[in-house]
$ cat data-v4.pdb   # PDB, C-alpha atoms
ATOM      1  CA  MET A  26      26.880 124.678 -73.506
ATOM      2  CA  ASN A  27      23.124 124.768 -72.768
ATOM      3  CA  ALA A  28      21.420 124.569 -69.377
ATOM      4  CA  ALA A  29      21.691 120.769 -69.373
ATOM      5  CA  GLY A  30      25.423 120.910 -69.966
ATOM      6  CA  GLU A  31      25.165 119.842 -73.607
ATOM      7  CA  PRO A  32      26.978 121.767 -76.354
ATOM      8  CA  ASN A  33      24.949 124.142 -78.546
ATOM      9  CA  GLU A  34      25.761 122.753 -81.973
ATOM     10  CA  ALA A  35      24.013 122.435 -85.298
ATOM     11  CA  THR A  36      24.725 120.530 -88.489
ATOM     12  CA  GLU A  37      25.447 122.778 -91.453
ATOM     13  CA  ILE A  38      27.036 122.478 -94.871
ATOM     14  CA  VAL A  39      30.256 124.518 -94.935
ATOM     15  CA  ASP A  40      32.182 124.678 -98.228
ATOM     16  CA  GLY A  41      30.339 121.610 -99.512
ATOM     17  CA  LYS A  42      31.035 119.556 -96.349
ATOM     18  CA  VAL A  43      28.738 118.599 -93.518
ATOM     19  CA  GLU A  44      30.098 120.007 -90.251
ATOM     20  CA  GLU A  45      28.976 120.508 -86.668
ATOM     21  CA  VAL A  46      29.170 124.209 -85.766
ATOM     22  CA  GLU A  47      28.481 126.053 -82.544
ATOM     23  CA  VAL A  48      25.450 128.281 -82.430
ATOM     24  CA  SER A  49      24.492 131.099 -80.098
ATOM     25  CA  ARG A  50      22.826 130.251 -76.824
ATOM     26  CA  HIS A  51      20.239 132.871 -77.738
ATOM     27  CA  PRO A  52      19.588 132.528 -81.444
ATOM     28  CA  ASP A  53      16.750 135.021 -81.295
ATOM     29  CA  PRO A  54      17.719 138.671 -80.757
ATOM     30  CA  SER A  55      16.969 139.834 -77.229
ATOM     31  CA  ILE A  56      17.059 143.535 -78.157
ATOM     32  CA  PRO A  57      14.083 144.731 -80.155
ATOM     33  CA  VAL A  58      14.658 146.380 -83.502
ATOM     34  CA  SER A  59      14.554 150.167 -83.177
ATOM     35  CA  ASP A  60      14.931 153.120 -85.502
ATOM     36  CA  LEU A  61      16.488 155.216 -82.720
ATOM     37  CA  SER A  62      20.091 156.263 -83.183
ATOM     38  CA  LEU A  63      22.661 156.494 -80.388
ATOM     39  CA  ALA A  64      22.190 160.265 -80.364
ATOM     40  CA  ASP A  65      18.431 159.822 -79.911
ATOM     41  CA  ILE A  66      18.999 157.450 -76.986
ATOM     42  CA  GLU A  67      21.424 159.868 -75.314
ATOM     43  CA  ARG A  68      18.961 162.728 -75.758
ATOM     44  CA  ARG A  69      16.270 160.682 -74.047
ATOM     45  CA  ARG A  70      18.609 159.998 -71.139
ATOM     46  CA  PHE A  71      19.527 163.680 -70.790
ATOM     47  CA  ARG A  72      17.806 165.395 -67.863
ATOM     48  CA  PRO A  73      17.995 169.177 -68.370
ATOM     49  CA  VAL A  74      16.449 169.940 -64.982
ATOM     50  CA  TYR A  75      19.067 167.888 -63.135
ATOM     51  CA  TRP A  76      21.895 169.485 -65.096
ATOM     52  CA  GLY A  77      20.451 172.960 -64.582
ATOM     53  CA  VAL A  78      20.347 172.427 -60.821
ATOM     54  CA  TYR A  79      23.873 171.042 -60.914
ATOM     55  CA  LEU A  80      25.293 174.010 -62.834
ATOM     56  CA  VAL A  81      23.613 176.401 -60.388
ATOM     57  CA  SER A  82      25.170 174.391 -57.541
ATOM     58  CA  VAL A  83      28.618 174.715 -59.132
ATOM     59  CA  LEU A  84      28.225 178.492 -59.471
ATOM     60  CA  ALA A  85      27.005 178.720 -55.884
ATOM     61  CA  ALA A  86      29.984 176.640 -54.720
ATOM     62  CA  ILE A  87      32.330 179.082 -56.466
ATOM     63  CA  ILE A  88      30.790 182.346 -55.258
ATOM     64  CA  ALA A  89      29.144 181.877 -51.854
ATOM     65  CA  PRO A  90      31.943 180.093 -49.920
ATOM     66  CA  TYR A  91      34.586 182.533 -51.163
ATOM     67  CA  TRP A  92      32.443 185.486 -50.118
ATOM     68  CA  LEU A  93      31.808 183.935 -46.701
ATOM     69  CA  GLY A  94      35.486 183.196 -46.135
ATOM     70  CA  ARG A  95      36.535 186.691 -47.186
ATOM     71  CA  MET A  96      33.899 188.226 -44.901
ATOM     72  CA  LEU A  97      35.207 186.227 -41.942
ATOM     73  CA  ALA A  98      38.783 187.247 -42.748
ATOM     74  CA  VAL A  99      37.923 190.962 -42.812
ATOM     75  CA  ARG A 100      35.374 191.184 -39.984
ATOM     76  CA  HIS A 101      36.537 188.476 -37.583
ATOM     77  CA  THR A 102      40.289 188.534 -38.096
ATOM     78  CA  ASP A 103      41.320 187.992 -34.470
ATOM     79  CA  TRP A 104      38.978 185.041 -34.035
ATOM     80  CA  LEU A 105      40.209 183.508 -37.274
ATOM     81  CA  VAL A 106      43.886 183.996 -36.402
ATOM     82  CA  SER A 107      43.355 182.326 -33.038
ATOM     83  CA  HIS A 108      42.060 179.216 -34.799
ATOM     84  CA  MET A 109      44.622 179.258 -37.615
ATOM     85  CA  SER A 110      47.450 179.501 -35.093
ATOM     86  CA  VAL A 111      46.718 175.922 -34.041
ATOM     87  CA  PHE A 112      48.440 174.850 -37.268
ATOM     88  CA  ASP A 113      51.946 175.641 -38.425
ATOM     89  CA  GLN A 114      52.635 176.803 -41.961
ATOM     90  CA  ARG A 115      53.335 173.336 -43.357
ATOM     91  CA  GLY A 116      50.143 172.013 -41.799
ATOM     92  CA  LEU A 117      48.091 174.715 -43.520
ATOM     93  CA  VAL A 118      49.842 174.037 -46.831
ATOM     94  CA  PHE A 119      48.966 170.358 -46.560
ATOM     95  CA  LEU A 120      45.357 171.080 -45.568
ATOM     96  CA  ALA A 121      44.745 173.452 -48.484
ATOM     97  CA  TRP A 122      46.556 171.142 -50.919
ATOM     98  CA  THR A 123      44.484 168.141 -49.804
ATOM     99  CA  VAL A 124      41.163 169.945 -50.210
ATOM    100  CA  THR A 125      42.144 171.189 -53.671
ATOM    101  CA  LEU A 126      43.399 167.733 -54.657
ATOM    102  CA  VAL A 127      40.066 166.169 -53.662
ATOM    103  CA  THR A 128      38.294 168.778 -55.785
ATOM    104  CA  LEU A 129      40.451 168.082 -58.830
ATOM    105  CA  THR A 130      40.142 164.323 -58.358
ATOM    106  CA  GLY A 131      36.363 164.630 -58.199
ATOM    107  CA  LEU A 132      36.386 166.624 -61.425
ATOM    108  CA  GLY A 133      38.602 164.097 -63.197
ATOM    109  CA  MET A 134      36.571 161.114 -62.036
ATOM    110  CA  ALA A 135      33.336 162.869 -63.019
ATOM    111  CA  VAL A 136      34.686 163.065 -66.573
ATOM    112  CA  VAL A 137      35.876 159.439 -66.609
ATOM    113  CA  GLU A 138      32.818 157.989 -64.837
ATOM    114  CA  SER A 139      30.280 160.162 -66.603
ATOM    115  CA  LYS A 140      27.339 157.846 -65.904
ATOM    116  CA  THR A 141      27.393 158.298 -62.137
ATOM    117  CA  TRP A 142      26.667 161.405 -60.084
ATOM    118  CA  LEU A 143      28.843 160.447 -57.121
ATOM    119  CA  TRP A 144      32.004 162.162 -58.368
ATOM    120  CA  ARG A 145      30.074 165.214 -59.530
ATOM    121  CA  ILE A 146      28.812 165.634 -55.977
ATOM    122  CA  VAL A 147      32.340 165.128 -54.611
ATOM    123  CA  PHE A 148      33.550 167.839 -56.981
ATOM    124  CA  VAL A 149      30.928 170.366 -55.842
ATOM    125  CA  ILE A 150      31.590 169.708 -52.148
ATOM    126  CA  GLY A 151      35.342 169.914 -52.653
ATOM    127  CA  LEU A 152      34.984 173.077 -54.741
ATOM    128  CA  ALA A 153      32.934 174.747 -52.018
ATOM    129  CA  ALA A 154      35.531 173.820 -49.378
ATOM    130  CA  GLU A 155      38.411 175.023 -51.561
ATOM    131  CA  GLN A 156      36.691 178.333 -52.295
ATOM    132  CA  PHE A 157      35.962 178.858 -48.608
ATOM    133  CA  ILE A 158      39.629 178.347 -47.753
ATOM    134  CA  ALA A 159      40.607 180.645 -50.628
ATOM    135  CA  GLY A 160      38.304 183.308 -49.237
ATOM    136  CA  LEU A 161      39.757 182.980 -45.748
ATOM    137  CA  SER A 162      43.269 183.417 -47.117
ATOM    138  CA  LEU A 163      42.279 186.208 -49.568
ATOM    139  CA  LEU A 164      43.628 184.289 -52.547
ATOM    140  CA  LYS A 165      44.416 186.346 -55.649
ATOM    141  CA  LEU A 166      47.429 187.039 -57.874
ATOM    142  CA  ASP A 167      49.181 189.323 -55.354
ATOM    143  CA  PHE A 168      47.767 187.703 -52.238
ATOM    144  CA  TRP A 169      50.788 188.528 -50.033
ATOM    145  CA  TYR A 170      49.848 192.229 -50.026
ATOM    146  CA  SER A 171      46.232 191.536 -49.068
ATOM    147  CA  THR A 172      47.105 189.064 -46.356
ATOM    148  CA  TYR A 173      49.606 191.453 -44.785
ATOM    149  CA  VAL A 174      47.038 194.280 -44.683
ATOM    150  CA  VAL A 175      44.362 192.084 -43.107
ATOM    151  CA  TYR A 176      46.342 189.632 -40.993
ATOM    152  CA  GLY A 177      49.444 191.647 -40.120
ATOM    153  CA  ASP A 178      52.019 189.480 -38.368
ATOM    154  CA  ALA A 179      49.830 186.398 -38.928
ATOM    155  CA  ALA A 180      50.011 186.834 -42.714
ATOM    156  CA  PRO A 181      52.440 183.884 -43.184
ATOM    157  CA  LEU A 182      49.647 181.533 -42.086
ATOM    158  CA  ALA A 183      47.279 182.799 -44.781
ATOM    159  CA  ASN A 184      50.129 182.803 -47.306
ATOM    160  CA  ALA A 185      50.845 179.164 -46.534
ATOM    161  CA  THR A 186      47.207 178.279 -47.205
ATOM    162  CA  ASN A 187      47.355 180.063 -50.543
ATOM    163  CA  LEU A 188      50.540 178.227 -51.464
ATOM    164  CA  GLY A 189      48.820 174.902 -50.808
ATOM    165  CA  ILE A 190      46.027 175.763 -53.247
ATOM    166  CA  ILE A 191      48.469 177.104 -55.821
ATOM    167  CA  ALA A 192      50.672 173.994 -55.535
ATOM    168  CA  ALA A 193      47.725 171.754 -56.408
ATOM    169  CA  GLY A 194      46.801 174.062 -59.294
ATOM    170  CA  PHE A 195      50.306 174.053 -60.756
ATOM    171  CA  GLY A 196      50.440 170.292 -60.280
ATOM    172  CA  VAL A 197      47.338 169.670 -62.395
ATOM    173  CA  ALA A 198      48.612 172.116 -65.038
ATOM    174  CA  ALA A 199      51.938 170.264 -65.272
ATOM    175  CA  TYR A 200      50.095 166.953 -65.455
ATOM    176  CA  ALA A 201      47.856 168.189 -68.284
ATOM    177  CA  VAL A 202      50.851 169.342 -70.346
ATOM    178  CA  LEU A 203      52.709 166.065 -69.782
ATOM    179  CA  TRP A 204      49.646 163.940 -70.503
ATOM    180  CA  VAL A 205      48.873 165.696 -73.787
ATOM    181  CA  GLY A 206      52.537 165.451 -74.752
ATOM    182  CA  LEU A 207      52.537 161.698 -74.165
ATOM    183  CA  LEU A 208      49.391 161.259 -76.251
ATOM    184  CA  ILE A 209      50.998 163.134 -79.121
ATOM    185  CA  LEU A 210      54.487 161.614 -78.987
ATOM    186  CA  ILE A 211      53.838 157.963 -78.093
ATOM    187  CA  ARG A 212      52.568 155.672 -80.831
ATOM    188  CA  LYS A 213      49.863 153.139 -80.060
ATOM    189  CA  ASP A 214      52.138 150.200 -80.931
ATOM    190  CA  SER A 215      54.963 151.471 -78.724
ATOM    191  CA  PRO A 216      55.747 149.693 -75.421
ATOM    192  CA  LEU A 217      55.558 153.137 -73.791
ATOM    193  CA  SER A 218      51.866 153.350 -74.677
ATOM    194  CA  VAL A 219      51.193 151.823 -71.277
ATOM    195  CA  LEU A 220      51.830 155.308 -69.886
ATOM    196  CA  THR A 221      48.680 156.567 -71.603
ATOM    197  CA  ARG A 222      46.349 154.122 -69.900
ATOM    198  CA  SER A 223      43.906 155.335 -67.269
ATOM    199  CA  TRP A 224      45.585 153.689 -64.273
ATOM    200  CA  ALA A 225      48.993 155.028 -65.321
ATOM    201  CA  SER A 226      47.421 158.441 -65.819
ATOM    202  CA  PHE A 227      46.142 158.547 -62.253
ATOM    203  CA  ILE A 228      49.460 157.385 -60.834
ATOM    204  CA  MET A 229      51.207 160.111 -62.810
ATOM    205  CA  PHE A 230      48.697 162.701 -61.604
ATOM    206  CA  PHE A 231      49.175 161.912 -57.929
ATOM    207  CA  ALA A 232      52.964 161.673 -58.335
ATOM    208  CA  ILE A 233      53.114 165.154 -59.863
ATOM    209  CA  GLU A 234      50.808 166.551 -57.202
ATOM    210  CA  ALA A 235      52.970 165.034 -54.465
ATOM    211  CA  ALA A 236      56.061 166.569 -56.054
ATOM    212  CA  ALA A 237      54.365 169.985 -56.135
ATOM    213  CA  LEU A 238      53.503 169.672 -52.457
ATOM    214  CA  LEU A 239      57.063 168.709 -51.511
ATOM    215  CA  ILE A 240      58.465 171.655 -53.457
ATOM    216  CA  VAL A 241      56.300 174.056 -51.470
ATOM    217  CA  LEU A 242      56.979 172.376 -48.130
ATOM    218  CA  PHE A 243      60.741 172.065 -48.452
ATOM    219  CA  GLY A 244      61.702 174.291 -51.369
ATOM    220  CA  GLY A 245      61.921 177.523 -49.410
ATOM    221  CA  LEU A 246      58.726 179.083 -50.783
ATOM    222  CA  LEU A 247      57.222 179.479 -47.331
ATOM    223  CA  THR A 248      59.892 182.023 -46.439
ATOM    224  CA  THR A 249      59.516 184.122 -49.586
ATOM    225  CA  VAL A 250      55.900 185.277 -49.206
TER     226      VAL A 250
END

$ encode --input "data-v4.pdb" --output "structure tokens"
Amino acid sequence: MNAAGEPNEATEIVDGKVEEVEVSRHPDPSIPVSDLSLADIERRRFRPVYWGVYLVSVLAAIIAPYWLGRMLAVRHTDWLVSHMSVFDQRGLVFLAWTVTLVTLTGLGMAVVESKTWLWRIVFVIGLAAEQFIAGLSLLKLDFWYSTYVVYGDAAPLANATNLGIIAAGFGVAAYAVLWVGLLILIRKDSPLSVLTRSWASFIMFFAIEAAALLIVLFGGLLTTV
């Protein structure tokens, strides 16, 4: 239909017969002819300065908050314990898990929505917060030894924080393995292919993360470290 409500039709000869056929509302191309390829267009859109600043921000978010948190844990232990004692172990697990989950969600959305910077910024902020918490709780492979040396009887609080971060990490690892497995095993024409869609992927991700949190909260791990 055109602006006056009349159909856009033209008379043409089709297979030796005169017929009325629909034509485009815009018969003339609205995009100018260009010799640029898609790669050339993407290169023009690329902003190396912006990406350089962003990568420096990511490195800073990894290093500086962890160092600051570790410094506070070593030099201001009593002050830190007095504030951590406001929470119980499960509360600290949930806090650390939530911060790490926000970080991982920001990273995932930054990959999916690659044309916007919002989720990249969310990822950097979440990463800085997660690294700060990891520094406060002295997170490393054998963290329970470090936390006992620094925190003494208050070590279970720091251990709980570490378990929250680790739960989110194991959750995303389990999700990645399951997701890749589904992509490999499920055929495109299978009814189960709905599980490989983006919305199903996010539901699966949050379900696995919730399961990891519940295992830490009620699976007895808080009493073993």

$ resolve_selection --input "data-v4.pdb" --expression "the PyMOL selection byres ((chain A and resi 96) around 12)" --output "ChimeraX atom specification"
/A:89-95,97-102,105,157-163,175

$ resolve_selection --input "data-v4.pdb" --expression "the PyMOL selection byres ((chain A and resi 127) around 10)" --output "list of chain:residue names"
A:Trp122, A:Thr123, A:Val124, A:Thr125, A:Leu126, A:Thr128, A:Leu129, A:Thr130, A:Gly131, A:Leu132, A:Gly133, A:Val147, A:Phe148, A:Ile150, A:Gly151, A:Leu152, A:Ala154, A:Glu155, A:Ala193

$ atom_distance --input "data-v4.pdb" --atom1 "CA of Arg145 in chain A" --atom2 "CA of Leu207 in chain A"
27.0 Å

$ axis_aligned_box --input "data-v4.pdb" --around "range 211-220 of chain A" --padding-each-side "5 Å" --output "lines of an AutoDock Vina configuration file"
center_x = 52.8
center_y = 153.8
center_z = -75.4
size_x = 15.9
size_y = 18.3
size_z = 21.0

$ resolve_selection --input "data-v4.pdb" --expression "the PyMOL selection byres ((chain A and resi 182) around 12)" --output "ChimeraX atom specification"
/A:105-118,120-121,158,161-163,169,172-173,175-181,183-189,247-248,250

$ closest_residue --input "data-v4.pdb" --among "A:Val137, A:Leu80, A:Leu217, A:Met229" --to "Leu203 in chain A" --atoms "only C-alpha atoms"
A:Met229

$ atom_distance --input "data-v4.pdb" --atom1 "CA of Thr141 in chain A" --atom2 "CA of Ala235 in chain A"
27.5 Å

$ residues_around --input "data-v4.pdb" --residues "Ile233 in chain A" --least-positions-apart "2" --cutoff "10 Å" --atoms "all atoms listed in the file" --output "ChimeraX atom specification"
/A:193,195-200,203,227-231,235-239

$ atom_distance --input "data-v4.pdb" --atom1 "CA of Ile87 in chain A" --atom2 "CA of Lys140 in chain A"
23.8 Å
